[in-house]
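Engineer: Here you go, one structure.
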Amino acid sequence: MNAGGKKSEHPQRGSATRRFAKRLANLETAKFIALILAGTYAVFELSLTRIDRHVDTAMSLVQEFSQGQLGENRRFLNDRWYTHWDDVRLLQEAGYGATSAPIQAFIRNTIVGELGQAGQKEVRLAIAELTDSLDRLAICAKPPFNRDMFNMFAQCDPKTTNQSICEYATSFHELYGPLIDETRDTLGSSGLGVALEEYVKRGTCFRWLQD
């Protein structure tokens, strides 16, 4: 009888061992899943924090672009155009675009040319300072490899930057591109306007306007 009892104990211990091993495996699996979920949530939180920080950076630079001396420069250039609004309207009604020869001649001969030496210097300095600011915004909003799939790794949020200054930057570059080139050569600043040109012709601004 004792021998038979001992034989029946072995299957029971084996079954208990298998159940324990199964519970242990289930517990390890649950821990692994919990770790994956916790890691995913942590990455998600970090991504949100990163995006918020990049939006704040973009808004700070955009606000700077609209205030202080840069704001004064924008108003000064706008005033030059509104002073000659009737002429501007005639050119627009004739269908001339910003890069057309008549518009560029109007900029050179009227917007800038009719001013005295001091006034022409002021216009060129205003354009140079605004260009430098737009360059910084363009660099800040440029994702790695200039690819939209890497937008979250840009220093500034590209969407926020584009919504705020893309259309203005495009018009500004079209209107003042030749003067920017002249200023770059005159001042010896080889980088002036380079980032802006890439931003509106090949960068996130260009792609945003195409969508």
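Residues in the structure tokens are named by chain (A, B, ... in the order shown) and by number from 1 within that chain; ligands are numbered from 1 in the order shown.
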Give me the residues near A:Gln155 as a ChimeraX atom specification, where near means some atom within 8 Å (using only C-alpha atoms) and where sequence neighbours in that chain fewer than 2 positions away do not count.
Structural biologist: /A:54,57,140-143,153,157
Engineer: Mind checking which residues fall within 12 Å of stretch 113-119 of chain A, counting only C-alpha atoms, ignoring those fewer than 5 positions away in the same chain, and posting them as a list in words?
Structural biologist: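 Here the answer would be Phe76, Leu77, Arg80, Thr83, His84, Gln104, Ala105, Phe106, Ile107, Arg108, Arg124, Leu125 and Ala126 of chain A.
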Engineer: Keeping only C-alpha atoms, take the residues you just selected and write them out as a short mmCIF file (atom, residue, chain, number, x, y, z; two decimals), in the first residue's frame.
Structural biologist:
```
data_model
loop_
_atom_site.label_atom_id
_atom_site.label_comp_id
_atom_site.auth_asym_id
_atom_site.auth_seq_id
_atom_site.Cartn_x
_atom_site.Cartn_y
_atom_site.Cartn_z
CA PHE A 76 8.45 101.01 -42.29
CA LEU A 77 8.46 98.80 -45.41
CA ARG A 80 6.60 102.61 -48.29
CA THR A 83 2.42 105.52 -49.74
CA HIS A 84 2.24 104.42 -53.37
CA GLN A 104 11.17 94.76 -59.37
CA ALA A 105 11.71 98.01 -61.23
CA PHE A 106 9.06 99.66 -59.05
CA ILE A 107 10.86 98.49 -55.92
CA ARG A 108 14.24 99.70 -57.12
CA ARG A 124 18.31 98.23 -47.02
CA LEU A 125 19.08 97.87 -43.30
CA ALA A 126 15.43 97.06 -42.58
#
```
Engineer: Fewer than 2 positions away in the same chain doesn't count, so skip those; otherwise give me all residues within 10 Å of A:Phe172, counting only C-alpha atoms, as a list in words.
Structural biologist: Ala98, Ile127, Leu130, Thr131, Leu134, Cys166, Glu167, Tyr168, Ala169, Thr170, Glu174, Leu175, Tyr176, Gly177, Leu196 and Val200 of chain A
Engineer: Can you write just those residues out, N, CA and C atoms, as a PDB file, in the first residue's frame?
Structural biologist:
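Generated file (selection20.pdb):
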```pdb
ATOM      1  N   ALA A  98       5.212  89.400 -57.964  1.00  0.00           N
ATOM      2  CA  ALA A  98       6.277  90.018 -57.183  1.00  0.00           C
ATOM      3  C   ALA A  98       7.638  89.927 -57.854  1.00  0.00           C
ATOM      4  N   ILE A 127      15.553  95.643 -44.541  1.00  0.00           N
ATOM      5  CA  ILE A 127      15.460  94.382 -45.270  1.00  0.00           C
ATOM      6  C   ILE A 127      16.483  93.378 -44.745  1.00  0.00           C
ATOM      7  N   LEU A 130      15.339  92.084 -41.232  1.00  0.00           N
ATOM      8  CA  LEU A 130      14.205  91.171 -41.359  1.00  0.00           C
ATOM      9  C   LEU A 130      14.639  89.843 -41.979  1.00  0.00           C
ATOM     10  N   THR A 131      15.538  89.915 -42.941  1.00  0.00           N
ATOM     11  CA  THR A 131      16.057  88.697 -43.560  1.00  0.00           C
ATOM     12  C   THR A 131      16.791  87.846 -42.544  1.00  0.00           C
ATOM     13  N   LEU A 134      14.244  86.118 -40.358  1.00  0.00           N
ATOM     14  CA  LEU A 134      13.590  85.027 -41.085  1.00  0.00           C
ATOM     15  C   LEU A 134      14.547  83.854 -41.279  1.00  0.00           C
ATOM     16  N   CYS A 166       5.047  81.722 -42.923  1.00  0.00           N
ATOM     17  CA  CYS A 166       5.386  81.139 -44.225  1.00  0.00           C
ATOM     18  C   CYS A 166       4.972  82.042 -45.385  1.00  0.00           C
ATOM     19  N   GLU A 167       3.723  82.479 -45.397  1.00  0.00           N
ATOM     20  CA  GLU A 167       3.241  83.297 -46.510  1.00  0.00           C
ATOM     21  C   GLU A 167       3.973  84.637 -46.565  1.00  0.00           C
ATOM     22  N   TYR A 168       4.200  85.230 -45.396  1.00  0.00           N
ATOM     23  CA  TYR A 168       4.935  86.493 -45.362  1.00  0.00           C
ATOM     24  C   TYR A 168       6.368  86.284 -45.855  1.00  0.00           C
ATOM     25  N   ALA A 169       7.002  85.213 -45.385  1.00  0.00           N
ATOM     26  CA  ALA A 169       8.385  84.941 -45.781  1.00  0.00           C
ATOM     27  C   ALA A 169       8.494  84.740 -47.288  1.00  0.00           C
ATOM     28  N   THR A 170       7.516  84.046 -47.866  1.00  0.00           N
ATOM     29  CA  THR A 170       7.528  83.813 -49.314  1.00  0.00           C
ATOM     30  C   THR A 170       7.399  85.124 -50.079  1.00  0.00           C
ATOM     31  N   GLU A 174      10.244  86.975 -52.435  1.00  0.00           N
ATOM     32  CA  GLU A 174       9.951  87.285 -53.840  1.00  0.00           C
ATOM     33  C   GLU A 174      10.156  88.764 -54.140  1.00  0.00           C
ATOM     34  N   LEU A 175       9.732  89.624 -53.225  1.00  0.00           N
ATOM     35  CA  LEU A 175       9.847  91.062 -53.444  1.00  0.00           C
ATOM     36  C   LEU A 175      11.283  91.557 -53.330  1.00  0.00           C
ATOM     37  N   TYR A 176      11.990  91.087 -52.308  1.00  0.00           N
ATOM     38  CA  TYR A 176      13.282  91.678 -51.979  1.00  0.00           C
ATOM     39  C   TYR A 176      14.477  90.771 -52.257  1.00  0.00           C
ATOM     40  N   GLY A 177      14.239  89.643 -52.941  1.00  0.00           N
ATOM     41  CA  GLY A 177      15.334  88.725 -53.229  1.00  0.00           C
ATOM     42  C   GLY A 177      16.555  89.383 -53.859  1.00  0.00           C
ATOM     43  N   LEU A 196      16.513  81.408 -45.578  1.00  0.00           N
ATOM     44  CA  LEU A 196      15.195  81.886 -46.001  1.00  0.00           C
ATOM     45  C   LEU A 196      14.848  81.362 -47.391  1.00  0.00           C
ATOM     46  N   VAL A 200      11.610  78.820 -48.328  1.00  0.00           N
ATOM     47  CA  VAL A 200      10.450  79.135 -49.174  1.00  0.00           C
ATOM     48  C   VAL A 200      10.483  78.425 -50.524  1.00  0.00           C
TER      49      VAL A 200
END
```
Engineer: Quick one: distance from atom CA of A:Ile111 to atom CA of A:Glu72 in Å, one decimal?
Structural biologist: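 According to the coordinates, atom CA of A:Ile111 and atom CA of A:Glu72 are separated by 16.6 Å.
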Engineer: Give me, as a PyMOL selection string, the residues of stretch 131-199 of chain A that a backbone DSSP run labels helix (DSSP H, G or I).
Structural biologist: chain A and resi 131-140+144-146+148-153+158-187+194-199
Engineer: So what do you get for atom CA of A:Lys159 versus atom CA of A:Glu198, distance-wise?
Structural biologist: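 Here the two named atoms are 16.5 Å from each other.
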